[in-house]
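Undergrad: My questions will all concern the structure given below.
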Number of protein chains: 2
Amino acid sequence: MGKAKATRGDRAGAATTAEKIRAAAEELFCLRGFEAVSVADVAERAGVNKALVFYHFESKAHLFDLVLARYYDAHTAALAGAFADEGALAERLHRVVDAYLDFMADNRRYAALVQQQLTEPGTHARIRRHLEPLLRFLEQALAGATPPKGPLAGRQFFVTFSGMVTHYFTYAPLLGALWGGDPMSRAALDERRAHVHWLVDAILARLADERPAKARPARARTR
Amino acid sequence: MGKAKATRGDRAGAATTAEKIRAAAEELFCLRGFEAVSVADVAERAGVNKALVFYHFESKAHLFDLVLARYYDAHTAALAGAFADEGALAERLHRVVDAYLDFMADNRRYAALVQQQLTEPGTHARIRRHLEPLLRFLEQALAGATPPKGPLAGRQFFVTFSGMVTHYFTYAPLLGALWGGDPMSRAALDERRAHVHWLVDAILARLADERPAKARPARARTR
DNA sequence: GTCTATAGCGAGATAGAC
DNA sequence: GTCTATCTCGCTATAGAC
């Protein structure tokens with residue numbers, strides 16, 4: 001699982017063989033998924049011999065695991081920062097949405113990769129470990145605005161928000177043809193961003209309307 | 001592509017060989033996707049010889065195409081009925097959401113199948129033909145409530161609604177572990193249904209609030 | 001660490017008897 | 001229409017020289 005030596009960053013010129021392989025694998029896996037990429041493809045892309053892939057990484061599966069772990073970590077890190085406890089709830093959620101959209105736009109095949117993982121039981125444990133902190137983040141952020149159980153609980157909004165964002169990217173290749181225009185263009189991404197922001201506001205407004213009526217008696221816990 | 005004779009329904013006892021194969025393929029493809037299912041698996045499940053699969057269907061890909069087409073058709077049919085022009089907009093949308101959720105609950109791996117297709121360019125044309133009428137349905141239904149362009153256009157809500165629904169099912173295997181309790185249980189599905197209904201209402205309420213205000217000066221193009 | 005050569009397997013698909 | 005036997009190919013992974 002990676003020689004201990006691979007501590008160097010990924011400067012362009014001085015890439016070690018292992019790093020070239022990792023980079024090539026990342027590119028290809030994110031482009032075509034796991035099954036559709038062969039070790040020979042990775043080696044060719046990296047400009048190294050096929051056998052070296054097995055020397056530096058134990059197997060194709062290990063290599064894929066490594067790529068996936070990097071993505072999961074990057075994803076969590078990107079969102080964790082955005083959840084920072086500053087500003088009103090709406091503002092925080094907008095930040096999170098922005099971070100999510102930006103991450104997806106920068107790693108366009110990531111959504112597809114994760115979706116693909118979902119179809120393979122056996123990888124569920126890892127994805128769960130990846131998603132759990134994100135779910136907790138959102139539940140905590142929403143704690144003051146949503147009830148702890150039922151159809152308006154934070155976990156429902158977790159599915160809703162992540163669906164709204166990721167769906168756009170998994171469907172992007174189709175949307176281009178259906179809509180006309182590139183859904184990955186700056187303008188299109190900004191439009192999607194505005195849409196999701198609008199939805200966040202609509203949801204918060206409706207929650208605020210309902211809360212006093214619903215959980216009325218005694219003091220409402222403002223946060 | 002299927003002998004012309006295969007007009008019989010799928011009564012249990014009198015299943016023809018081709019039908020047994022088709023049924024087995026449908027089950028397995030929806031359970032594990034395309035790559036993870038071998039022709040030998042299908043034959044075994046159907047209780048027939050492997051070579052017969054190639055006799056009755058030209059190839060594994062053809063067989064898969066057939067299964068997929070059936071699903072797409074069933075999906076479109078299920079939603080088309082729900083879009084019927086009766087009742088207020090909110091009521092119609094609730095009907096569509098219900099039909100969508102029911103279809104997904106009855107065909108639990110369908111969402112994963114479609115997602116998987118999205119990762120394989122070359123199948124895009126077909127999915128597009130499948131999605132196009134659904135998009136047009138929704139755009140038409142929303143025509144009076146949303147602007148024709150921009151972040152609140154119908155097409156944005158198309159991605160949003162389908163994401164909210166399908167995401168629940170693609171993530172279901174994980175949600176069980178994350179939440180505790182089976183996300184496919186009657187109670188859990190009803191909770192999700194209530195959540196999406198609530199969202200539909202929140203969105204319509206907000207749209208109604210904004211429309212007069214937004215395009216205010218001179219005559220607002222009420223459309 | 002890097003290469004060539006090849007083992008070994010499982011897959012889709014076909015040949016041809018019945 | 002159904003079967004057995006087999007072909008062919010691409011893939012992961014390894015052996016072993018350098």
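Going through the structure tokens in order, the chains are called A, B, and so on, while each chain numbers its residues from 1 and the ligands are numbered from 1 in the order shown.
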Mind checking which residues fall within 12 Å of DC9 in chain D, counting only C-alpha atoms (C1' of nucleotides), ignoring those fewer than 5 positions away in the same chain, and posting them as a PyMOL selection string?
TA: chain C and resi 9-13
Undergrad: With a cut-off of 9 Å and counting only C-alpha atoms (C1' of nucleotides), select all residues of chain A in contact with chain D and give the selection as a PyMOL selection string.
TA: chain A and resi 38-39+51+54+59-60
Undergrad: With C-alpha atoms kept, could you save the residues just selected as a tab-separated table (two decimals), in the first residue's frame?
TA:
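Listing of selection.tsv after writing:
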chain	number	residue	atom	x	y	z
A	38	SER	CA	-7.47	-1.80	-17.28
A	39	VAL	CA	-4.10	-1.78	-15.60
A	51	ALA	CA	4.30	-4.58	-14.22
A	54	PHE	CA	1.74	-4.13	-9.44
A	59	SER	CA	-3.36	-4.70	-7.14
A	60	LYS	CA	-5.76	-2.80	-9.29
Undergrad: Identify which of the residues B:Thr17, B:Thr76, B:Thr166, B:Asn49 lies closest to chain A, counting only C-alpha atoms when measuring atom-to-atom distances.
TA: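 Among B:Thr17, B:Thr76, B:Thr166, B:Asn49, it is B:Thr166 that comes nearest to chain A.
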Undergrad: Go through chain A residue by residue and, counting only C-alpha atoms, keep those with an atom at most 9 Å from chain B; for each kept residue give the shortest atom pair and its distance in Å to one decimal, ordered by chain and increasing number, as a tab-separated table.
TA:
residue	atom	partner	partner_atom	distance
A:Leu31	CA	B:Thr119	CA	8.7
A:Arg32	CA	B:Thr119	CA	7.0
A:Gly33	CA	B:Thr119	CA	7.6
A:Glu35	CA	B:Glu35	CA	7.7
A:Arg109	CA	B:Thr119	CA	8.8
A:Ala112	CA	B:Thr119	CA	6.4
A:Leu113	CA	B:Thr119	CA	8.6
A:Gln115	CA	B:Gln115	CA	6.9
A:Gln116	CA	B:Gln116	CA	6.5
A:Leu118	CA	B:Thr170	CA	7.0
A:Thr119	CA	B:Ala112	CA	6.5
A:Glu120	CA	B:Arg32	CA	7.6
A:Pro121	CA	B:Pro173	CA	8.4
A:His124	CA	B:Leu174	CA	6.5
A:Ala125	CA	B:Leu174	CA	8.2
A:Ile127	CA	B:Leu174	CA	7.8
A:Arg128	CA	B:Leu174	CA	6.2
A:Leu131	CA	B:Leu178	CA	8.4
A:Glu132	CA	B:Leu178	CA	6.7
A:Leu135	CA	B:Leu178	CA	8.5
A:Gly150	CA	B:Glu191	CA	6.4
A:Pro151	CA	B:His195	CA	4.6
A:Leu152	CA	B:His195	CA	6.1
A:Ala153	CA	B:His195	CA	8.9
A:Arg155	CA	B:Trp179	CA	8.0
A:Gln156	CA	B:His195	CA	7.0
A:Phe157	CA	B:His195	CA	8.5
A:Val159	CA	B:Tyr168	CA	6.2
A:Thr160	CA	B:Met164	CA	4.9
A:Phe161	CA	B:Met164	CA	7.7
A:Ser162	CA	B:His167	CA	7.9
A:Gly163	CA	B:Gly163	CA	4.6
A:Met164	CA	B:Thr160	CA	4.9
A:Val165	CA	B:Gly163	CA	8.0
A:Thr166	CA	B:Gly163	CA	7.8
A:His167	CA	B:Gly163	CA	5.2
A:Tyr168	CA	B:Val159	CA	6.3
A:Thr170	CA	B:Leu118	CA	7.0
A:Tyr171	CA	B:Leu118	CA	7.0
A:Pro173	CA	B:His124	CA	7.7
A:Leu174	CA	B:Arg128	CA	6.2
A:Leu175	CA	B:Arg128	CA	8.3
A:Ala177	CA	B:Arg128	CA	7.5
A:Leu178	CA	B:Glu132	CA	6.7
A:Trp179	CA	B:Arg155	CA	8.0
A:Asp190	CA	B:Pro151	CA	8.6
A:Glu191	CA	B:Pro151	CA	5.0
A:Arg192	CA	B:Pro151	CA	6.2
A:Arg193	CA	B:Pro151	CA	8.0
A:Ala194	CA	B:Pro151	CA	5.7
A:His195	CA	B:Pro151	CA	4.6
A:Val196	CA	B:Pro151	CA	8.3
A:Trp198	CA	B:Pro151	CA	8.2
A:Leu199	CA	B:Ile203	CA	7.3
A:Ala202	CA	B:Arg206	CA	5.9
A:Ile203	CA	B:Ala202	CA	6.4
A:Ala205	CA	B:Ala202	CA	8.4
A:Arg206	CA	B:Ala202	CA	5.9
A:Leu207	CA	B:Ala202	CA	8.8
Undergrad: So that I can check the secondary structure, give me every residue of range 36-172 of chain B assigned helix (DSSP H, G or I) by backbone DSSP, as a ChimeraX atom specification.
TA: /B:39-46,50-56,60-82,89-106,110-118,124-142,154-170,172
Undergrad: Write the residues of the selection above to a file with C-alpha atoms, as a short mmCIF file (atom, residue, chain, number, x, y, z; two decimals), in the first residue's frame.
TA:
data_model
loop_
_atom_site.label_atom_id
_atom_site.label_comp_id
_atom_site.auth_asym_id
_atom_site.auth_seq_id
_atom_site.Cartn_x
_atom_site.Cartn_y
_atom_site.Cartn_z
CA VAL B 39 -24.45 -14.79 -19.24
CA ALA B 40 -23.80 -17.96 -17.30
CA ASP B 41 -25.47 -16.36 -14.27
CA VAL B 42 -28.53 -15.50 -16.31
CA ALA B 43 -28.77 -18.98 -17.78
CA GLU B 44 -28.44 -20.62 -14.40
CA ARG B 45 -31.08 -18.39 -12.88
CA ALA B 46 -33.42 -19.09 -15.78
CA LYS B 50 -26.05 -20.89 -21.57
CA ALA B 51 -25.98 -21.27 -25.34
CA LEU B 52 -29.71 -20.66 -25.46
CA VAL B 53 -29.21 -17.13 -24.31
CA PHE B 54 -27.24 -16.44 -27.46
CA TYR B 55 -29.74 -18.31 -29.57
CA HIS B 56 -32.74 -16.32 -28.38
CA LYS B 60 -25.49 -10.02 -23.68
CA ALA B 61 -25.69 -6.39 -24.73
CA HIS B 62 -28.89 -6.98 -26.70
CA LEU B 63 -30.46 -8.71 -23.75
CA PHE B 64 -29.55 -5.83 -21.52
CA ASP B 65 -30.96 -3.34 -23.99
CA LEU B 66 -34.25 -5.17 -23.93
CA VAL B 67 -34.48 -5.11 -20.16
CA LEU B 68 -33.60 -1.45 -20.08
CA ALA B 69 -36.14 -0.49 -22.70
CA ARG B 70 -38.89 -2.21 -20.74
CA TYR B 71 -37.96 -0.27 -17.64
CA TYR B 72 -37.80 3.03 -19.40
CA ASP B 73 -41.18 2.46 -20.92
CA ALA B 74 -42.70 1.42 -17.62
CA HIS B 75 -41.22 4.46 -15.93
CA THR B 76 -42.53 6.89 -18.49
CA ALA B 77 -45.95 5.28 -18.49
CA ALA B 78 -46.17 5.42 -14.71
CA LEU B 79 -45.41 9.13 -14.65
CA ALA B 80 -47.38 10.10 -17.72
CA GLY B 81 -50.57 8.97 -16.09
CA ALA B 82 -49.88 10.99 -12.98
CA LEU B 89 -50.81 22.25 -9.65
CA ALA B 90 -49.87 21.15 -6.14
CA GLU B 91 -52.17 18.19 -6.41
CA ARG B 92 -50.75 17.15 -9.76
CA LEU B 93 -47.20 17.39 -8.52
CA HIS B 94 -48.03 15.33 -5.47
CA ARG B 95 -49.49 12.69 -7.75
CA VAL B 96 -46.34 12.66 -9.84
CA VAL B 97 -44.13 12.40 -6.79
CA ASP B 98 -46.22 9.53 -5.51
CA ALA B 99 -46.05 7.72 -8.82
CA TYR B 100 -42.31 8.26 -8.99
CA LEU B 101 -41.72 7.01 -5.47
CA ASP B 102 -43.98 4.04 -5.97
CA PHE B 103 -42.27 3.08 -9.18
CA MET B 104 -38.89 3.31 -7.55
CA ALA B 105 -40.03 1.32 -4.55
CA ASP B 106 -41.38 -1.41 -6.82
CA TYR B 110 -33.80 0.84 -11.29
CA ALA B 111 -32.20 4.03 -10.07
CA ALA B 112 -28.84 2.32 -9.83
CA LEU B 113 -29.26 0.89 -13.30
CA VAL B 114 -29.91 4.28 -14.82
CA GLN B 115 -27.04 5.85 -12.92
CA GLN B 116 -24.77 3.17 -14.24
CA GLN B 117 -25.91 3.85 -17.77
CA LEU B 118 -25.01 7.48 -17.35
CA HIS B 124 -26.71 8.59 -23.79
CA ALA B 125 -28.89 8.92 -26.84
CA ARG B 126 -31.33 6.37 -25.54
CA ILE B 127 -31.52 7.81 -22.04
CA ARG B 128 -32.08 11.20 -23.54
CA ARG B 129 -35.00 9.92 -25.55
CA HIS B 130 -36.32 8.43 -22.36
CA LEU B 131 -35.95 11.55 -20.26
CA GLU B 132 -37.09 14.07 -22.79
CA PRO B 133 -40.84 13.48 -22.48
CA LEU B 134 -40.57 13.54 -18.71
CA LEU B 135 -38.79 16.86 -18.81
CA ARG B 136 -41.40 18.27 -21.18
CA PHE B 137 -44.19 17.03 -18.94
CA LEU B 138 -42.81 18.87 -15.97
CA GLU B 139 -41.96 22.01 -17.89
CA GLN B 140 -45.50 22.14 -19.20
CA ALA B 141 -47.02 21.50 -15.80
CA LEU B 142 -44.94 24.26 -14.25
CA GLY B 154 -38.81 24.26 -15.00
CA ARG B 155 -35.75 22.39 -16.15
CA GLN B 156 -33.93 23.24 -12.94
CA PHE B 157 -36.80 21.82 -10.95
CA PHE B 158 -36.70 18.75 -13.12
CA VAL B 159 -33.19 18.01 -11.93
CA THR B 160 -34.12 18.93 -8.39
CA PHE B 161 -37.21 16.76 -8.13
CA SER B 162 -35.73 13.74 -9.82
CA GLY B 163 -32.63 14.10 -7.67
CA MET B 164 -34.66 14.25 -4.48
CA VAL B 165 -36.49 11.08 -5.36
CA THR B 166 -33.84 8.92 -7.00
CA HIS B 167 -31.12 9.87 -4.57
CA TYR B 168 -33.10 8.33 -1.78
CA PHE B 169 -33.07 4.99 -3.55
CA THR B 170 -29.52 4.97 -4.77
CA ALA B 172 -30.84 3.49 0.44
#
Undergrad: Return the neighbours of chain A among the residues of chain C, cut-off 9 Å, counting only C-alpha atoms (C1' of nucleotides), as an MDAnalysis selection string.
TA: chainID C and resid 1:3
